[in-house]
file work08.txt (compact mmCIF, C-alpha atoms)
# COMPACT_ATOMS: atom_id res chain seq x y z
CA MET A 1 -54.29 -70.92 28.74
CA SER A 2 -51.62 -68.42 29.63
CA LYS A 3 -47.95 -69.14 29.42
CA ALA A 4 -46.14 -69.19 32.73
CA PRO A 5 -43.49 -66.51 33.17
CA ALA A 6 -39.87 -67.57 32.89
CA ALA A 7 -38.03 -68.28 36.09
CA ALA A 8 -35.31 -65.95 37.27
CA GLY A 9 -32.66 -68.45 36.21
CA ASP A 10 -34.08 -68.48 32.68
CA THR A 11 -33.00 -64.91 31.94
CA LEU A 12 -31.42 -64.62 28.50
CA VAL A 13 -27.99 -63.03 28.31
CA LYS A 14 -27.19 -60.77 25.37
CA THR A 15 -23.54 -60.36 24.42
CA ALA A 16 -21.86 -57.53 22.54
CA HIS A 17 -22.64 -57.80 18.83
CA ASP A 18 -23.03 -55.82 15.61
CA PRO A 19 -26.53 -54.26 15.87
CA ALA A 20 -26.88 -54.30 12.08
CA VAL A 21 -26.72 -58.12 12.08
CA LEU A 22 -29.75 -59.91 13.49
CA VAL A 23 -28.68 -63.53 12.88
CA ARG A 24 -25.10 -64.77 12.78
CA ALA A 25 -23.92 -68.34 12.24
CA ARG A 26 -20.31 -69.34 12.68
CA ASP A 27 -18.84 -72.74 11.81
CA LEU A 28 -22.37 -74.21 11.81
CA THR A 29 -22.19 -77.99 11.47
CA VAL A 30 -24.94 -80.60 11.42
CA ASP A 31 -24.25 -84.35 11.46
CA PHE A 32 -26.72 -87.19 11.13
CA LYS A 33 -26.20 -90.83 12.03
CA VAL A 34 -26.99 -93.15 9.13
CA PRO A 35 -27.36 -96.91 9.66
CA VAL A 36 -25.07 -99.01 7.47
CA ARG A 37 -25.96 -102.59 6.62
CA GLY A 38 -23.53 -105.03 8.21
CA ALA A 39 -21.83 -102.38 10.36
CA LEU A 40 -22.02 -102.28 14.14
CA ARG A 41 -21.97 -98.49 14.28
CA PRO A 42 -23.87 -95.96 12.16
CA ALA A 43 -22.00 -93.79 9.67
CA ARG A 44 -21.77 -90.04 10.08
CA LEU A 45 -23.39 -87.93 7.38
CA ARG A 46 -22.26 -84.30 7.53
CA ALA A 47 -25.20 -82.40 5.99
CA VAL A 48 -23.88 -78.93 6.89
CA SER A 49 -20.16 -78.28 7.26
CA GLY A 50 -18.73 -75.11 8.79
CA VAL A 51 -21.28 -72.62 7.45
CA ASP A 52 -20.70 -68.91 8.18
CA LEU A 53 -23.61 -66.54 7.54
CA ASP A 54 -24.61 -63.01 8.57
CA ILE A 55 -28.24 -61.98 8.05
CA ARG A 56 -28.69 -58.25 8.42
CA ARG A 57 -31.74 -56.61 9.92
CA GLY A 58 -34.47 -55.95 7.38
CA GLU A 59 -32.86 -57.90 4.52
CA ILE A 60 -33.85 -61.03 2.65
CA LEU A 61 -30.95 -63.46 2.30
CA GLY A 62 -31.52 -66.04 -0.43
CA VAL A 63 -29.96 -69.49 -0.10
CA VAL A 64 -29.65 -71.48 -3.33
CA GLY A 65 -28.02 -74.71 -4.48
CA GLU A 66 -28.73 -78.18 -5.80
CA SER A 67 -31.06 -80.58 -4.04
CA GLY A 68 -29.34 -82.15 -1.05
CA CYS A 69 -26.78 -79.38 -0.59
CA GLY A 70 -27.98 -78.59 2.96
CA LYS A 71 -30.13 -75.49 2.43
CA SER A 72 -33.14 -76.63 4.45
CA THR A 73 -30.99 -78.24 7.13
CA THR A 74 -29.11 -74.95 7.55
CA GLY A 75 -32.37 -73.03 7.96
CA ARG A 76 -33.70 -75.47 10.53
CA ALA A 77 -30.39 -75.46 12.41
CA VAL A 78 -30.46 -71.66 12.60
CA LEU A 79 -33.89 -71.88 14.25
CA GLN A 80 -32.71 -74.79 16.47
CA LEU A 81 -35.40 -77.06 15.03
CA ILE A 82 -32.43 -79.31 14.33
CA ARG A 83 -29.74 -79.06 16.97
CA PRO A 84 -26.32 -78.24 15.45
CA SER A 85 -23.52 -80.70 16.10
CA ALA A 86 -21.04 -77.82 16.39
CA GLY A 87 -20.77 -74.10 15.82
CA SER A 88 -22.55 -70.99 17.02
CA VAL A 89 -25.84 -69.27 16.16
CA THR A 90 -26.64 -65.90 17.69
CA PHE A 91 -29.92 -64.02 17.39
CA ASP A 92 -29.74 -60.35 18.35
CA GLY A 93 -26.64 -61.13 20.38
CA ILE A 94 -28.17 -64.13 22.19
CA GLU A 95 -26.44 -67.49 21.72
CA LEU A 96 -29.14 -69.98 20.71
CA THR A 97 -27.20 -73.23 20.79
CA THR A 98 -26.90 -73.13 24.60
CA GLN A 99 -30.57 -72.37 25.25
CA ARG A 100 -32.93 -75.05 26.53
CA GLY A 101 -36.51 -75.31 27.73
CA GLY A 102 -38.26 -72.08 28.60
CA ARG A 103 -35.38 -69.86 27.50
CA LEU A 104 -35.40 -71.30 23.99
CA ARG A 105 -39.21 -71.24 23.90
CA SER A 106 -39.18 -67.54 24.73
CA MET A 107 -37.08 -66.98 21.59
CA ARG A 108 -39.47 -68.92 19.36
CA ARG A 109 -41.92 -66.04 19.22
CA ARG A 110 -39.25 -63.90 17.54
CA MET A 111 -38.26 -66.57 15.00
CA GLN A 112 -40.72 -68.47 12.84
CA MET A 113 -40.69 -70.74 9.79
CA ILE A 114 -42.76 -71.08 6.63
CA PHE A 115 -42.60 -74.72 5.60
CA GLN A 116 -42.23 -76.04 2.08
CA ASP A 117 -45.26 -78.32 1.90
CA PRO A 118 -48.58 -76.53 2.48
CA TYR A 119 -50.32 -79.92 2.67
CA ALA A 120 -48.16 -81.63 5.29
CA SER A 121 -47.48 -78.59 7.50
CA LEU A 122 -51.11 -78.08 8.60
CA ASN A 123 -52.92 -80.34 11.05
CA PRO A 124 -56.03 -81.61 9.19
CA ARG A 125 -57.96 -81.93 12.47
CA MET A 126 -57.64 -78.24 13.31
CA SER A 127 -59.63 -75.42 11.76
CA ILE A 128 -57.89 -72.55 10.00
CA GLY A 129 -58.60 -70.29 12.96
CA GLU A 130 -57.16 -72.80 15.43
CA LEU A 131 -54.04 -73.26 13.29
CA ILE A 132 -53.34 -69.54 13.15
CA GLU A 133 -54.12 -68.97 16.84
CA GLU A 134 -51.94 -71.84 18.09
CA PRO A 135 -48.68 -69.80 18.27
CA LEU A 136 -50.49 -67.21 20.39
CA LEU A 137 -51.72 -69.95 22.70
CA VAL A 138 -48.17 -71.29 23.10
CA HIS A 139 -46.27 -68.01 23.39
CA SER A 140 -48.54 -65.13 24.32
CA GLY A 141 -51.55 -66.42 26.17
CA GLY A 142 -54.39 -63.90 26.22
CA SER A 143 -58.10 -64.52 26.12
CA ALA A 144 -59.86 -66.49 23.40
CA GLY A 145 -61.38 -63.26 22.10
CA GLU A 146 -57.98 -61.57 21.87
CA ARG A 147 -56.48 -64.53 20.03
CA ARG A 148 -59.36 -64.65 17.58
CA ALA A 149 -59.09 -60.91 16.88
CA ARG A 150 -55.34 -61.21 16.26
CA ALA A 151 -55.85 -64.20 13.97
CA LEU A 152 -58.49 -62.37 11.92
CA GLU A 153 -56.21 -59.34 11.62
CA THR A 154 -53.39 -61.55 10.34
CA MET A 155 -55.72 -63.27 7.89
CA ASP A 156 -56.51 -59.88 6.43
CA LYS A 157 -52.80 -59.15 5.97
CA VAL A 158 -52.14 -62.30 3.96
CA GLY A 159 -55.29 -62.10 1.87
CA ILE A 160 -57.33 -64.84 3.55
CA SER A 161 -61.07 -64.32 3.75
CA ARG A 162 -62.39 -64.21 7.31
CA GLN A 163 -65.03 -66.73 6.22
CA TRP A 164 -62.26 -69.36 6.18
CA HIS A 165 -61.76 -69.08 9.95
CA GLY A 166 -63.92 -72.12 10.65
CA ARG A 167 -62.89 -74.16 7.61
CA TYR A 168 -60.39 -77.01 7.50
CA PRO A 169 -57.23 -77.42 5.40
CA HIS A 170 -58.76 -80.02 3.05
CA GLU A 171 -61.26 -77.38 1.91
CA LEU A 172 -58.52 -75.05 0.61
CA SER A 173 -56.29 -75.03 -2.45
CA GLY A 174 -52.50 -75.26 -2.26
CA GLY A 175 -52.02 -71.51 -2.54
CA GLN A 176 -54.66 -70.85 0.11
CA ARG A 177 -53.01 -73.35 2.46
CA GLN A 178 -49.64 -71.67 1.97
CA ARG A 179 -51.24 -68.34 2.92
CA VAL A 180 -52.47 -70.01 6.10
CA GLY A 181 -48.90 -71.16 6.77
CA ILE A 182 -47.64 -67.61 6.27
CA ALA A 183 -50.33 -66.24 8.58
CA ARG A 184 -49.39 -68.76 11.26
CA ALA A 185 -45.75 -67.64 11.02
CA LEU A 186 -46.67 -63.95 11.23
CA VAL A 187 -49.31 -63.99 13.94
CA SER A 188 -46.81 -63.75 16.83
CA ASN A 189 -45.09 -60.68 15.29
CA PRO A 190 -41.69 -62.35 14.66
CA GLU A 191 -38.57 -60.45 13.68
CA PHE A 192 -37.02 -63.27 11.63
CA ILE A 193 -38.57 -65.83 9.29
CA VAL A 194 -37.03 -68.79 7.52
CA ALA A 195 -39.01 -69.47 4.33
CA ASP A 196 -38.10 -73.01 3.26
CA GLU A 197 -38.91 -73.22 -0.47
CA PRO A 198 -42.41 -71.79 0.15
CA VAL A 199 -43.41 -71.78 -3.53
CA SER A 200 -41.84 -74.99 -4.87
CA ALA A 201 -45.01 -77.06 -4.36
CA LEU A 202 -47.26 -74.50 -6.09
CA ASP A 203 -48.06 -73.90 -9.74
CA VAL A 204 -46.49 -70.93 -11.52
CA SER A 205 -49.43 -68.52 -11.26
CA ILE A 206 -49.79 -69.15 -7.52
CA GLN A 207 -46.01 -68.87 -7.05
CA ALA A 208 -46.13 -65.28 -8.32
CA GLN A 209 -48.89 -64.39 -5.86
CA ILE A 210 -47.05 -65.88 -2.88
CA VAL A 211 -43.71 -64.27 -3.81
CA ASN A 212 -45.33 -60.86 -4.22
CA LEU A 213 -47.14 -61.36 -0.90
CA LEU A 214 -43.88 -62.17 0.89
CA GLU A 215 -42.21 -59.13 -0.65
CA SER A 216 -45.06 -56.86 0.43
CA LEU A 217 -45.14 -58.25 3.97
CA GLN A 218 -41.38 -57.89 4.32
CA GLU A 219 -41.55 -54.24 3.32
CA ASP A 220 -44.59 -53.44 5.47
CA LEU A 221 -43.47 -55.28 8.61
CA GLY A 222 -39.70 -54.79 8.33
CA LEU A 223 -39.06 -58.53 8.54
CA THR A 224 -35.67 -60.17 8.26
CA MET A 225 -35.91 -63.29 6.13
CA MET A 226 -33.89 -66.30 5.03
CA PHE A 227 -35.43 -67.41 1.73
CA ILE A 228 -34.47 -70.93 0.61
CA ALA A 229 -35.24 -71.75 -3.01
CA HIS A 230 -34.31 -73.57 -6.19
CA ASP A 231 -35.80 -71.04 -8.59
CA LEU A 232 -33.03 -68.56 -9.38
CA ALA A 233 -35.40 -66.12 -11.06
CA VAL A 234 -37.58 -65.88 -7.95
CA VAL A 235 -34.50 -65.40 -5.76
CA ARG A 236 -33.27 -62.53 -7.93
CA HIS A 237 -36.66 -60.83 -7.75
CA LEU A 238 -37.06 -61.10 -3.99
CA CYS A 239 -33.65 -61.18 -2.27
CA ASP A 240 -31.09 -58.53 -1.30
CA ARG A 241 -28.13 -60.92 -0.98
CA ILE A 242 -27.58 -64.53 -1.97
CA ALA A 243 -25.59 -67.39 -0.45
CA VAL A 244 -24.73 -70.30 -2.77
CA MET A 245 -24.33 -73.73 -1.15
CA TYR A 246 -22.67 -76.88 -2.43
CA LEU A 247 -22.50 -80.18 -0.55
CA GLY A 248 -23.07 -78.62 2.88
CA THR A 249 -20.77 -75.61 2.47
CA VAL A 250 -21.26 -71.99 1.44
CA VAL A 251 -19.15 -71.30 -1.65
CA GLU A 252 -20.16 -67.71 -2.46
CA VAL A 253 -22.06 -64.82 -0.87
CA ALA A 254 -22.78 -61.53 -2.63
CA ASP A 255 -25.46 -58.94 -3.20
CA CYS A 256 -28.00 -60.00 -5.78
CA GLU A 257 -26.93 -57.92 -8.78
CA SER A 258 -23.20 -58.54 -8.26
CA LEU A 259 -23.66 -62.29 -8.07
CA TYR A 260 -25.84 -62.50 -11.16
CA THR A 261 -23.63 -60.14 -13.15
CA TRP A 262 -20.17 -61.44 -12.17
CA PRO A 263 -20.24 -64.78 -10.35
CA ARG A 264 -16.76 -65.55 -9.00
CA HIS A 265 -17.03 -69.22 -7.98
CA PRO A 266 -17.01 -71.88 -10.73
CA TYR A 267 -20.05 -73.61 -9.22
CA THR A 268 -22.04 -70.37 -9.19
CA GLN A 269 -21.14 -69.82 -12.84
CA ALA A 270 -22.33 -73.31 -13.73
CA LEU A 271 -25.51 -72.91 -11.68
CA LEU A 272 -26.44 -69.66 -13.40
CA SER A 273 -25.57 -70.94 -16.86
CA ALA A 274 -28.18 -73.69 -16.39
CA VAL A 275 -30.93 -71.08 -16.52
CA PRO A 276 -32.45 -70.95 -20.02
CA ILE A 277 -32.86 -67.60 -21.76
CA PRO A 278 -36.10 -67.07 -23.74
CA ASP A 279 -34.13 -65.53 -26.63
CA PRO A 280 -32.69 -68.19 -28.98
CA ASP A 281 -30.04 -65.84 -30.41
CA VAL A 282 -28.65 -64.98 -26.97
CA GLU A 283 -28.97 -68.58 -25.81
CA ARG A 284 -26.85 -69.84 -28.73
CA GLU A 285 -24.08 -67.28 -28.25
CA ARG A 286 -23.57 -67.30 -24.49
CA GLU A 287 -20.99 -69.47 -22.77
CA GLN A 288 -22.40 -72.44 -20.88
CA ARG A 289 -20.74 -74.34 -18.07
CA ILE A 290 -21.95 -77.94 -18.05
CA LEU A 291 -20.84 -79.90 -15.02
CA THR A 292 -19.86 -83.54 -15.46
CA GLY A 293 -20.37 -86.31 -12.97
CA ASP A 294 -22.68 -86.55 -10.00
CA VAL A 295 -22.67 -84.66 -6.73
CA PRO A 296 -20.41 -86.61 -4.33
CA SER A 297 -22.01 -88.35 -1.38
CA PRO A 298 -21.93 -86.39 1.89
CA LEU A 299 -21.07 -89.71 3.53
CA ASN A 300 -17.74 -89.62 1.74
CA PRO A 301 -17.05 -86.06 0.50
CA PRO A 302 -13.89 -85.24 -1.48
CA THR A 303 -10.85 -84.04 0.42
CA GLY A 304 -9.94 -80.37 0.22
CA CYS A 305 -12.45 -78.47 -1.91
CA ARG A 306 -15.72 -80.38 -2.14
CA PHE A 307 -16.38 -79.06 -5.65
CA ARG A 308 -13.01 -80.06 -7.11
CA THR A 309 -14.25 -83.36 -8.62
CA ARG A 310 -16.53 -81.39 -10.98
CA CYS A 311 -14.48 -78.20 -11.37
CA TRP A 312 -12.63 -77.29 -14.57
CA LYS A 313 -10.16 -75.16 -12.56
CA ALA A 314 -9.12 -77.82 -10.05
CA GLN A 315 -5.40 -78.16 -9.27
CA ASP A 316 -3.34 -80.10 -6.76
CA VAL A 317 -3.90 -77.62 -3.94
CA CYS A 318 -7.66 -78.10 -4.26
CA ALA A 319 -7.33 -81.74 -3.17
CA VAL A 320 -5.31 -80.85 -0.09
CA THR A 321 -6.54 -77.56 1.38
CA PRO A 322 -10.23 -76.71 1.85
CA PRO A 323 -10.85 -73.14 0.65
CA VAL A 324 -12.24 -70.71 3.23
CA LEU A 325 -14.95 -68.16 2.60
CA ALA A 326 -12.96 -64.93 2.15
CA ASP A 327 -13.57 -61.38 1.01
CA ALA A 328 -13.01 -61.08 -2.76
CA GLY A 329 -13.84 -57.37 -3.04
CA ALA A 330 -16.96 -55.56 -4.27
CA GLY A 331 -19.10 -57.18 -1.58
CA HIS A 332 -18.24 -60.73 -2.63
CA GLN A 333 -17.19 -63.58 -0.37
CA VAL A 334 -15.85 -66.62 -2.21
CA ALA A 335 -14.55 -70.01 -1.04
CA CYS A 336 -12.23 -70.87 -3.94
CA HIS A 337 -8.47 -71.07 -4.48
CA PHE A 338 -8.85 -69.70 -8.02
CA PRO A 339 -11.87 -67.38 -8.10
CA ASP A 340 -12.59 -65.18 -11.10
CA GLY A 341 -12.19 -61.46 -10.60
CA PRO A 342 -14.75 -58.81 -11.51
CA GLY A 343 -14.69 -57.28 -14.95
CA PRO A 344 -14.19 -58.47 -18.55
CA GLY A 345 -13.56 -62.15 -19.06
CA VAL A 346 -16.09 -63.27 -16.47
CA PRO A 347 -19.37 -64.61 -17.87
CA ALA A 348 -21.81 -61.73 -18.09
CA ASP A 349 -25.32 -61.64 -16.67
CA PRO A 350 -26.75 -64.97 -17.80
CA GLY A 351 -30.01 -63.34 -18.80
CA ILE A 352 -32.19 -64.00 -15.81
CA PRO A 353 -34.87 -61.30 -15.91
CA ALA A 354 -34.78 -58.67 -13.19
CA ASP A 355 -38.51 -59.08 -12.47
CA PRO A 356 -39.36 -62.67 -13.43
CA VAL A 357 -42.59 -62.96 -11.44
CA ASN A 358 -44.24 -60.00 -13.15
CA PRO A 359 -46.00 -61.40 -16.23
CA ALA A 360 -46.17 -57.94 -17.77
CA LYS A 361 -42.40 -58.00 -18.29
CA PRO A 362 -40.49 -60.18 -20.74
CA GLY A 363 -38.56 -63.28 -19.77
CA THR A 364 -40.98 -64.67 -17.21
CA GLU A 365 -40.28 -68.21 -18.38
CA ALA A 366 -36.70 -68.18 -17.10
CA SER A 367 -36.27 -70.33 -14.05
CA ALA A 368 -34.04 -73.11 -12.90
CA ASN A 369 -34.53 -76.14 -10.75
CA PRO A 370 -31.05 -77.69 -10.69
call {"tool": "encode", "arguments": {"input": "work08.txt", "output": "structure tokens"}}
result
Amino acid sequence: MSKAPAAAGDTLVKTAHDPAVLVRARDLTVDFKVPVRGALRPARLRAVSGVDLDIRRGEILGVVGESGCGKSTTGRAVLQLIRPSAGSVTFDGIELTTQRGGRLRSMRRRMQMIFQDPYASLNPRMSIGELIEEPLLVHSGGSAGERRARALETMDKVGISRQWHGRYPHELSGGQRQRVGIARALVSNPEFIVADEPVSALDVSIQAQIVNLLESLQEDLGLTMMFIAHDLAVVRHLCDRIAVMYLGTVVEVADCESLYTWPRHPYTQALLSAVPIPDPDVEREREQRILTGDVPSPLNPPTGCRFRTRCWKAQDVCAVTPPVLADAGAGHQVACHFPDGPGPGVPADPGIPADPVNPAKPGTEASANP
């Protein structure tokens, strides 16, 4: 089955943009309606609130934060799998939030997603070959022979035996299923991939294989990637820059080494200090930031700065004025009224190994799942 060509009115319009930036989100907001017992109208839950992100061509942007902070929702909203309630998302200069029907479908080939759960993301009634070929059937058409050849070529890239082409998902292990999910995302030659915690459901040995596979594919294919994860050690190994999220907002963005060496935002400092160091002497001597209280409900977030109820630096202004994500120098962007500056006095590198997924190097045990 071949895909019908787009109508003349479906032509996509590209606006002037920075060619170095492939994906740009501005004031991205996602609301959900939540039923409330005894109320006539549902409550509004703001899962993502005014997120600004730039993802440069060829880079891997890591997105980290506690469970429920809006990481996955942000990734899905960027791809328009969840429609944003407000804000703008542009891909290569094309505004995505205004696209519908065939125009949005034509963009899908260039943007793909690797889902978190390798068990739930594959249709058990379809063979591995059918699963990998399905994006080609939807977006590219071509003959059955051409689709099969492309699927087999992609299977080779991700380390899947061609003998699995006729097998079904229940016959594969978790790591093998995740490789199928990666192959399905890559088969249409996308430029941008959102990897939504692709290793969190796998055991440690398989995690290392998948992370190294993603790194190799990114280098070989020149992919741009948004990598969502809990494991801070994996993020440091794989990513070029990191965005830290808290309760639906981005609180800090920086290149990997700068953020791990001199975190400026109090939440980032606390997040990194939660990572254990496999050296008891260093672990005893380093400063730890232990947050008190629970994460506030997104149904009723604090006024002003959303982190202020757990922040040791909070002052009156924090309850009144929400901080904006602003340039703090040295490649850092921080949303804080009282950020730390670079240099002495800021907690040093919390000891997360530079190459945590390589078992030949020390410190492979360090990871965090806040």
call {"tool": "closest_residue", "arguments": {"input": "work08.txt", "among": "A:Ala20, A:Asp240, A:Pro296, A:Arg110", "to": "Thr309 of chain A", "atoms": "all atoms listed in the file"}}
result
A:Pro296
call {"tool": "closest_atom_pairs", "arguments": {"input": "work08.txt", "of": "segment 102-214 of chain A", "to": "segment 48-66 of chain A", "cutoff": "12 Å", "atoms": "only C-alpha atoms", "output": "Markdown table"}}
result
| residue | atom | partner | partner_atom | distance |
| --- | --- | --- | --- | --- |
| A:Glu191 | CA | A:Arg57 | CA | 8.7 |
| A:Phe192 | CA | A:Arg57 | CA | 8.7 |
| A:Ile193 | CA | A:Ile60 | CA | 9.5 |
| A:Val194 | CA | A:Leu61 | CA | 9.6 |
| A:Ala195 | CA | A:Gly62 | CA | 9.5 |
| A:Asp196 | CA | A:Val63 | CA | 9.5 |
| A:Glu197 | CA | A:Val63 | CA | 9.7 |
| A:Leu214 | CA | A:Ile60 | CA | 10.2 |
call {"tool": "closest_residue", "arguments": {"input": "work08.txt", "among": "A:Pro118, A:Gly101, A:Gly129, A:Pro19", "to": "Ser173 of chain A", "atoms": "only C-alpha atoms"}}
result
A:Pro118
call {"tool": "closest_residue", "arguments": {"input": "work08.txt", "among": "A:Thr249, A:Val30, A:Ala86, A:Pro278", "to": "Pro322 of chain A", "atoms": "all atoms listed in the file"}}
result
A:Thr249
call {"tool": "residues_near_point", "arguments": {"input": "work08.txt", "point": "(-57.6, -79.7, 13.6)", "cutoff": "12 Å", "atoms": "only C-alpha atoms", "output": "number ranges by chain"}}
result
A: 121-134, 165-170
call {"tool": "residues_around", "arguments": {"input": "work08.txt", "residues": "Ala314 of chain A", "least_positions_apart": "5", "cutoff": "9 Å", "atoms": "all atoms listed in the file", "output": "VMD selection string"}}
result
chain A and resid 305 307 to 309 319 337 to 338
call {"tool": "atom_distance", "arguments": {"input": "work08.txt", "atom1": "atom CA of Val251 of chain A", "atom2": "atom CA of Leu291 of chain A"}}
result
16.0 Å
call {"tool": "atom_distance", "arguments": {"input": "work08.txt", "atom1": "atom CA of Lys14 of chain A", "atom2": "atom CA of Val89 of chain A"}}
result
12.6 Å
call {"tool": "closest_residue", "arguments": {"input": "work08.txt", "among": "A:Asp18, A:Arg46, A:Met107, A:Gly93", "to": "Pro301 of chain A", "atoms": "only C-alpha atoms"}}
result
A:Arg46
call {"tool": "closest_atom_pairs", "arguments": {"input": "work08.txt", "of": "segment 84-145 of chain A", "to": "segment 70-74 of chain A", "cutoff": "10 Å", "atoms": "only C-alpha atoms", "output": "JSON lines"}}
result
{"residue": "A:Pro84", "atom": "CA", "partner": "A:Thr74", "partner_atom": "CA", "distance": 9.0}
{"residue": "A:Phe115", "atom": "CA", "partner": "A:Ser72", "partner_atom": "CA", "distance": 9.7}
{"residue": "A:Gln116", "atom": "CA", "partner": "A:Ser72", "partner_atom": "CA", "distance": 9.4}
call {"tool": "closest_residue", "arguments": {"input": "work08.txt", "among": "A:Pro42, A:Pro190, A:Pro135, A:Gly181", "to": "Met225 of chain A", "atoms": "only C-alpha atoms"}}
result
A:Pro190
call {"tool": "closest_residue", "arguments": {"input": "work08.txt", "among": "A:Val275, A:Cys318, A:Ile210, A:Met245", "to": "Asp231 of chain A", "atoms": "all atoms listed in the file"}}
result
A:Val275
call {"tool": "axis_aligned_box", "arguments": {"input": "work08.txt", "around": "segment 262-268 of chain A", "padding_each_side": "6 Å", "output": "JSON"}}
result
{"center_x": -19.4, "center_y": -67.5, "center_z": -10.1, "size_x": 17.3, "size_y": 24.2, "size_z": 16.2}
call {"tool": "atom_distance", "arguments": {"input": "work08.txt", "atom1": "atom CA of Gly331 of chain A", "atom2": "atom CA of Cys239 of chain A"}}
result
15.1 Å
call {"tool": "residues_near_point", "arguments": {"input": "work08.txt", "point": "(-27.5, -88.7, 3.0)", "cutoff": "9 Å", "atoms": "only C-alpha atoms", "output": "short mmCIF file (atom, residue, chain, number, x, y, z; two decimals) with C-alpha atoms, keeping the file's coordinate frame"}}
result
data_model
loop_
_atom_site.label_atom_id
_atom_site.label_comp_id
_atom_site.auth_asym_id
_atom_site.auth_seq_id
_atom_site.Cartn_x
_atom_site.Cartn_y
_atom_site.Cartn_z
CA PHE A 32 -26.72 -87.19 11.13
CA VAL A 34 -26.99 -93.15 9.13
CA LEU A 45 -23.39 -87.93 7.38
CA ARG A 46 -22.26 -84.30 7.53
CA ALA A 47 -25.20 -82.40 5.99
CA GLY A 68 -29.34 -82.15 -1.05
CA SER A 297 -22.01 -88.35 -1.38
CA PRO A 298 -21.93 -86.39 1.89
CA LEU A 299 -21.07 -89.71 3.53
#
call {"tool": "residues_around", "arguments": {"input": "work08.txt", "residues": "Val253 of chain A", "least_positions_apart": "3", "cutoff": "9 Å", "atoms": "all atoms listed in the file", "output": "list in words"}}
result
Leu53, Arg241, Ile242, Ala243, Val244, Val250, Leu259, Leu325, Gly331, His332, Gln333 and Val334 of chain A
call {"tool": "residues_around", "arguments": {"input": "work08.txt", "residues": "Leu213 of chain A", "least_positions_apart": "6", "cutoff": "9 Å", "atoms": "all atoms listed in the file", "output": "PDB file with C-alpha atoms, keeping the file's coordinate frame"}}
result
ATOM      1  CA  VAL A 158     -52.140 -62.300   3.960  1.00  0.00           C
ATOM      2  CA  GLY A 159     -55.290 -62.100   1.870  1.00  0.00           C
ATOM      3  CA  ARG A 179     -51.240 -68.340   2.920  1.00  0.00           C
TER       4      ARG A 179
END
